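**Q** Following this message is one structure expressed as C-alpha cells.
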Amino acid sequence: MARAIERIEQDIAALQEAIRAIAIELQSAYASYLNTLGLAVRKQLILASYHLCTQGYPENFLHLSLNQRQQLQQAIRKLGQLAAEQLLIYLKSEESGEDEVDEVDEVDEEVTSSSSSLFLSTSNSQYLTANTSDPIELAKWQQKLEEAAQDILKKLSHDANILLQKARVLPKKLPEPILAAAAAASEASAEVMPGPPNLLNLVIEIENEQQSEDSGLTQIMAINLRLGEIEFADVTLSSERKRIRSILVQLNKLGREYQKRHKEKAIAEAEAAWRASWFEN
C-alpha cells in the first residue's frame, strides 16, 4: 500500500508541474489580452462618444464652443488611457502607486472639475501571489482578473457619462440609479446588443417641474462599454479570448484529475491507517 501511495504522490507532483506550466501560459495570455483590451477600450470609448455626440445629441454638442469640444475630447482620451493602464496593473505582483492617477485633469471647468476614481486599489495584485500549483487558487485568480476588467469598464462608462453630463451633452436630469440598473441588466447578457455598440438606449419618464403636463417618456442614450461588444469588434482581441478559453479547458481537465488524485491518496492513506491500527483479538 505504501508503494501505491508513493505512486499517487508522484502523479500529484507531475500534475502540479503541469498546472504551474498552465499558470505561466495563462498569465502570458492575459498579459497579451489585457494589453490588446486596453487599446480596444480606448478606441471603442472614442467611437461611442463620437456616436453619442454626433447622432445621439448633435444639438447639444453643437452648442459647445470649439475649445469646449476639444477639451471634452481630450478628457475622453484621458479616461481611455487611464483604463488601459489600470488593466495592466493587475499583472504586476508588486504594489506601486507611481503610475496611478486619482483624478482627471481639470481641462475645463465647464467640461469637468470632478475627480475620477477609475483606478482601483493595487492591492488586487495580491491574487498573483497565490499558489499556482493549486488549480483552485489559479481559477480564483483568473476569476478575480475577469471581475476587475468588468469593474474597470463599468467605472469607465460611468466616468465618461459624468464627463458628458458636465459638458452639457448628456441631459442633466439623467437619473443615475435608472442608468445603473439598466447597465447592470445589459451586462447580464453576453449577446451583442442591437444598435450602435457600447451605447445604452433607455426610454424613461422624466417629470418637468415647470410643466408637469409635458412630462412623459424620453429616450436617453448613454455610454455603456461591454466586454462582449468590445471583443466582437476586435479580431485580435477575440482571438486572444479564444486562446484563454482553450487554456482554461486544459486547466479544468488538470483540476479534475488533481482532485481525483488527492481523493485517491486520502483513501489509500486511510486504508493504510486502518490496517496499521487493526489487531486481531
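Here's how to read the names in the C-alpha cells: chain A, B, ... by the order shown, residue numbers from 1 in each chain, ligand numbers from 1 in the order shown.
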Sorted by chain and rising residue number, list the residues of stretch 124-168 of chain A at most 8 Å from stretch 71-80 of chain A (counting only C-alpha atoms), each with its closest atom pair and distance in Å to one decimal, as JSON lines.
**A**
```
{"residue": "A:Leu156", "atom": "CA", "partner": "A:Leu79", "partner_atom": "CA", "distance": 7.0}
{"residue": "A:Asp159", "atom": "CA", "partner": "A:Leu79", "partner_atom": "CA", "distance": 7.9}
{"residue": "A:Ala160", "atom": "CA", "partner": "A:Ile76", "partner_atom": "CA", "distance": 6.8}
{"residue": "A:Leu163", "atom": "CA", "partner": "A:Leu72", "partner_atom": "CA", "distance": 7.7}
{"residue": "A:Leu164", "atom": "CA", "partner": "A:Leu72", "partner_atom": "CA", "distance": 7.7}
{"residue": "A:Ala167", "atom": "CA", "partner": "A:Leu72", "partner_atom": "CA", "distance": 7.1}
```
**Q** Please save N, CA and C atoms of the selected residues as a compact mmCIF listing (two decimals), in the first residue's frame.
**A**
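Written file, out_11.txt:
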```
# COMPACT_ATOMS: atom_id res chain seq x y z
N LEU A 156 -15.40 53.11 -16.05
CA LEU A 156 -15.06 53.97 -17.18
C LEU A 156 -16.33 54.51 -17.85
N ASP A 159 -17.75 57.21 -15.55
CA ASP A 159 -16.99 58.45 -15.57
C ASP A 159 -17.18 59.20 -16.89
N ALA A 160 -17.27 58.44 -17.98
CA ALA A 160 -17.48 59.07 -19.29
C ALA A 160 -18.84 59.75 -19.35
N LEU A 163 -18.74 62.89 -17.36
CA LEU A 163 -18.00 63.87 -18.14
C LEU A 163 -18.90 64.52 -19.19
N LEU A 164 -19.68 63.70 -19.87
CA LEU A 164 -20.57 64.21 -20.91
C LEU A 164 -21.72 65.01 -20.31
N ALA A 167 -20.35 68.40 -19.51
CA ALA A 167 -20.16 69.16 -20.74
C ALA A 167 -21.49 69.60 -21.35
```
**Q** Find the residues around A:Ala29 up to 12 Å (only C-alpha atoms counted), leave out those fewer than 3 positions away in its own chain, and share them as a PyMOL selection string.
**A** chain A and resi 22-26+32-37+91+142+237+239-248
**Q** Would you pick out the contacts of A:Gly38 at 12 Å or less, using only C-alpha atoms, so that residues sharing its chain but fewer than 2 positions from it are not included, and give the list as a PyMOL selection string?
**A** chain A and resi 30-36+40-45+79-89+149+152-153+156+227+230-231+234+237
**Q** Can you measure atom CA of A:Gly228 to atom CA of A:Gly255 for me? One decimal in Å is fine.
**A**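 Value for the atom CA of A:Gly228-atom CA of A:Gly255 distance: 26.9 Å.
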**Q** Determine the nearest neighbour of A:Gln16 from the options A:Ser133, A:Ser49, A:Gln70, A:Gln250, counting only C-alpha atoms.
**A**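 Looking only at the distances to A:Gln16, the closest residue turns out to be A:Ser133.
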**Q** Counting only C-alpha atoms, which of A:Asp134, A:Thr236, A:Tyr50, A:Pro197 gets nearest to A:His262?
**A**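 Result for the nearest residue to A:His262: A:Asp134.
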**Q** What's around A:Pro135 at 8 Å? Count only C-alpha atoms, leave out sequence neighbours fewer than 6 positions away in its own chain, and write the answer as a ChimeraX atom specification.
**A** /A:19,251-252,254-255,258
**Q** With C-alpha atoms retained, write the just-selected residues as a compact mmCIF listing (two decimals), in the first residue's frame.
**A**
```
# COMPACT_ATOMS: atom_id res chain seq x y z
CA ILE A 19 -0.53 23.21 -13.53
CA LEU A 251 -6.83 23.82 -16.55
CA ASN A 252 -10.26 22.36 -15.82
CA LEU A 254 -6.00 19.05 -14.93
CA GLY A 255 -8.03 20.33 -12.00
CA TYR A 258 -5.76 16.79 -9.45
```
**Q** Which residues, written as an mmCIF file with all heavy atoms, in the first residue's frame, have at least one atom at most 7 Å from stretch 55-65 of chain A, with only C-alpha atoms counted and residues fewer than 2 positions away on the same chain left out?
**A**
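What ended up in part.cif:
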```cif
data_model
loop_
_atom_site.group_PDB
_atom_site.id
_atom_site.type_symbol
_atom_site.label_atom_id
_atom_site.label_comp_id
_atom_site.auth_asym_id
_atom_site.auth_seq_id
_atom_site.Cartn_x
_atom_site.Cartn_y
_atom_site.Cartn_z
ATOM 1 N N HIS A 51 -20.388 58.754 -31.533
ATOM 2 C CA HIS A 51 -21.761 58.458 -31.939
ATOM 3 C C HIS A 51 -22.759 59.201 -31.057
ATOM 4 O O HIS A 51 -23.757 59.742 -31.548
ATOM 5 C CB HIS A 51 -22.022 56.954 -31.879
ATOM 6 C CG HIS A 51 -23.322 56.551 -32.496
ATOM 7 N ND1 HIS A 51 -23.430 56.050 -33.777
ATOM 8 C CD2 HIS A 51 -24.589 56.600 -32.015
ATOM 9 C CE1 HIS A 51 -24.697 55.803 -34.049
ATOM 10 N NE2 HIS A 51 -25.424 56.114 -32.989
ATOM 11 N N LEU A 52 -22.483 59.227 -29.757
ATOM 12 C CA LEU A 52 -23.398 59.894 -28.834
ATOM 13 C C LEU A 52 -23.462 61.395 -29.118
ATOM 14 O O LEU A 52 -24.549 61.984 -29.109
ATOM 15 C CB LEU A 52 -22.958 59.630 -27.399
ATOM 16 C CG LEU A 52 -23.907 60.081 -26.286
ATOM 17 C CD1 LEU A 52 -23.850 59.119 -25.108
ATOM 18 C CD2 LEU A 52 -23.559 61.487 -25.815
ATOM 19 N N CYS A 53 -22.303 62.007 -29.382
ATOM 20 C CA CYS A 53 -22.258 63.464 -29.608
ATOM 21 C C CYS A 53 -22.792 63.867 -30.969
ATOM 22 O O CYS A 53 -23.375 64.954 -31.116
ATOM 23 C CB CYS A 53 -20.827 63.962 -29.459
ATOM 24 S SG CYS A 53 -20.197 63.941 -27.763
ATOM 25 N N ASN A 67 -13.344 75.304 -28.306
ATOM 26 C CA ASN A 67 -12.452 74.972 -27.195
ATOM 27 C C ASN A 67 -13.082 73.935 -26.272
ATOM 28 O O ASN A 67 -12.414 73.003 -25.813
ATOM 29 C CB ASN A 67 -12.105 76.229 -26.398
ATOM 30 C CG ASN A 67 -11.161 75.939 -25.247
ATOM 31 O OD1 ASN A 67 -10.028 75.514 -25.443
ATOM 32 N ND2 ASN A 67 -11.649 76.152 -24.026
ATOM 33 N N GLN A 68 -14.368 74.069 -25.997
ATOM 34 C CA GLN A 68 -15.065 73.105 -25.130
ATOM 35 C C GLN A 68 -15.096 71.721 -25.767
ATOM 36 O O GLN A 68 -14.932 70.708 -25.089
ATOM 37 C CB GLN A 68 -16.479 73.597 -24.843
ATOM 38 C CG GLN A 68 -16.525 74.773 -23.882
ATOM 39 C CD GLN A 68 -17.930 75.330 -23.733
ATOM 40 O OE1 GLN A 68 -18.739 75.278 -24.667
ATOM 41 N NE2 GLN A 68 -18.224 75.873 -22.562
ATOM 42 N N ARG A 69 -15.302 71.661 -27.078
ATOM 43 C CA ARG A 69 -15.307 70.364 -27.769
ATOM 44 C C ARG A 69 -13.936 69.708 -27.671
ATOM 45 O O ARG A 69 -13.822 68.495 -27.416
ATOM 46 C CB ARG A 69 -15.691 70.551 -29.239
ATOM 47 C CG ARG A 69 -17.110 71.049 -29.465
ATOM 48 C CD ARG A 69 -17.319 71.391 -30.928
ATOM 49 N NE ARG A 69 -18.496 72.235 -31.112
ATOM 50 C CZ ARG A 69 -18.754 72.919 -32.232
ATOM 51 N NH1 ARG A 69 -17.911 72.848 -33.265
ATOM 52 N NH2 ARG A 69 -19.836 73.660 -32.311
ATOM 53 N N ARG A 168 -22.597 69.199 -20.690
ATOM 54 C CA ARG A 168 -23.948 69.540 -21.137
ATOM 55 C C ARG A 168 -24.312 68.884 -22.469
ATOM 56 O O ARG A 168 -25.105 69.416 -23.245
ATOM 57 C CB ARG A 168 -24.142 71.059 -21.217
ATOM 58 C CG ARG A 168 -23.936 71.765 -19.897
ATOM 59 C CD ARG A 168 -24.396 73.216 -19.946
ATOM 60 N NE ARG A 168 -23.656 73.990 -20.947
ATOM 61 C CZ ARG A 168 -22.471 74.546 -20.719
ATOM 62 N NH1 ARG A 168 -21.883 74.404 -19.554
ATOM 63 N NH2 ARG A 168 -21.876 75.247 -21.659
ATOM 64 N N VAL A 169 -23.702 67.725 -22.716
ATOM 65 C CA VAL A 169 -24.101 66.929 -23.884
ATOM 66 C C VAL A 169 -25.201 65.963 -23.463
ATOM 67 O O VAL A 169 -26.275 65.914 -24.067
ATOM 68 C CB VAL A 169 -22.908 66.163 -24.475
ATOM 69 C CG1 VAL A 169 -23.370 65.230 -25.599
ATOM 70 C CG2 VAL A 169 -21.856 67.144 -25.012
ATOM 71 N N MET A 221 -29.714 58.250 -24.346
ATOM 72 C CA MET A 221 -28.585 57.461 -24.826
ATOM 73 C C MET A 221 -27.385 57.740 -23.922
ATOM 74 O O MET A 221 -27.133 58.886 -23.567
ATOM 75 C CB MET A 221 -28.247 57.819 -26.276
ATOM 76 C CG MET A 221 -27.103 57.010 -26.876
ATOM 77 S SD MET A 221 -26.743 57.488 -28.593
ATOM 78 C CE MET A 221 -28.235 56.900 -29.392
#
```
**Q** Near stretch 10-12 of chain A, counting only C-alpha atoms, which residues have an atom at most 9 Å away, once you skip same-chain residues fewer than 3 positions from it, shown as a PyMOL selection string?
**A** chain A and resi 5-7+15-17+257-258+261-262
**Q** Could you work out how far atom CA of A:Ile223 lies from atom CA of A:Gln165, giving the answer in Å with one decimal?
**A**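 Separating atom CA of A:Gln165 from atom CA of A:Ile223 is a distance of 11.3 Å.
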**Q** Between atom CA of A:Leu138 and atom CA of A:Lys260, what distance in Å does the model show, to one decimal?
**A**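 Computing it gives 17.3 Å between the two atoms.
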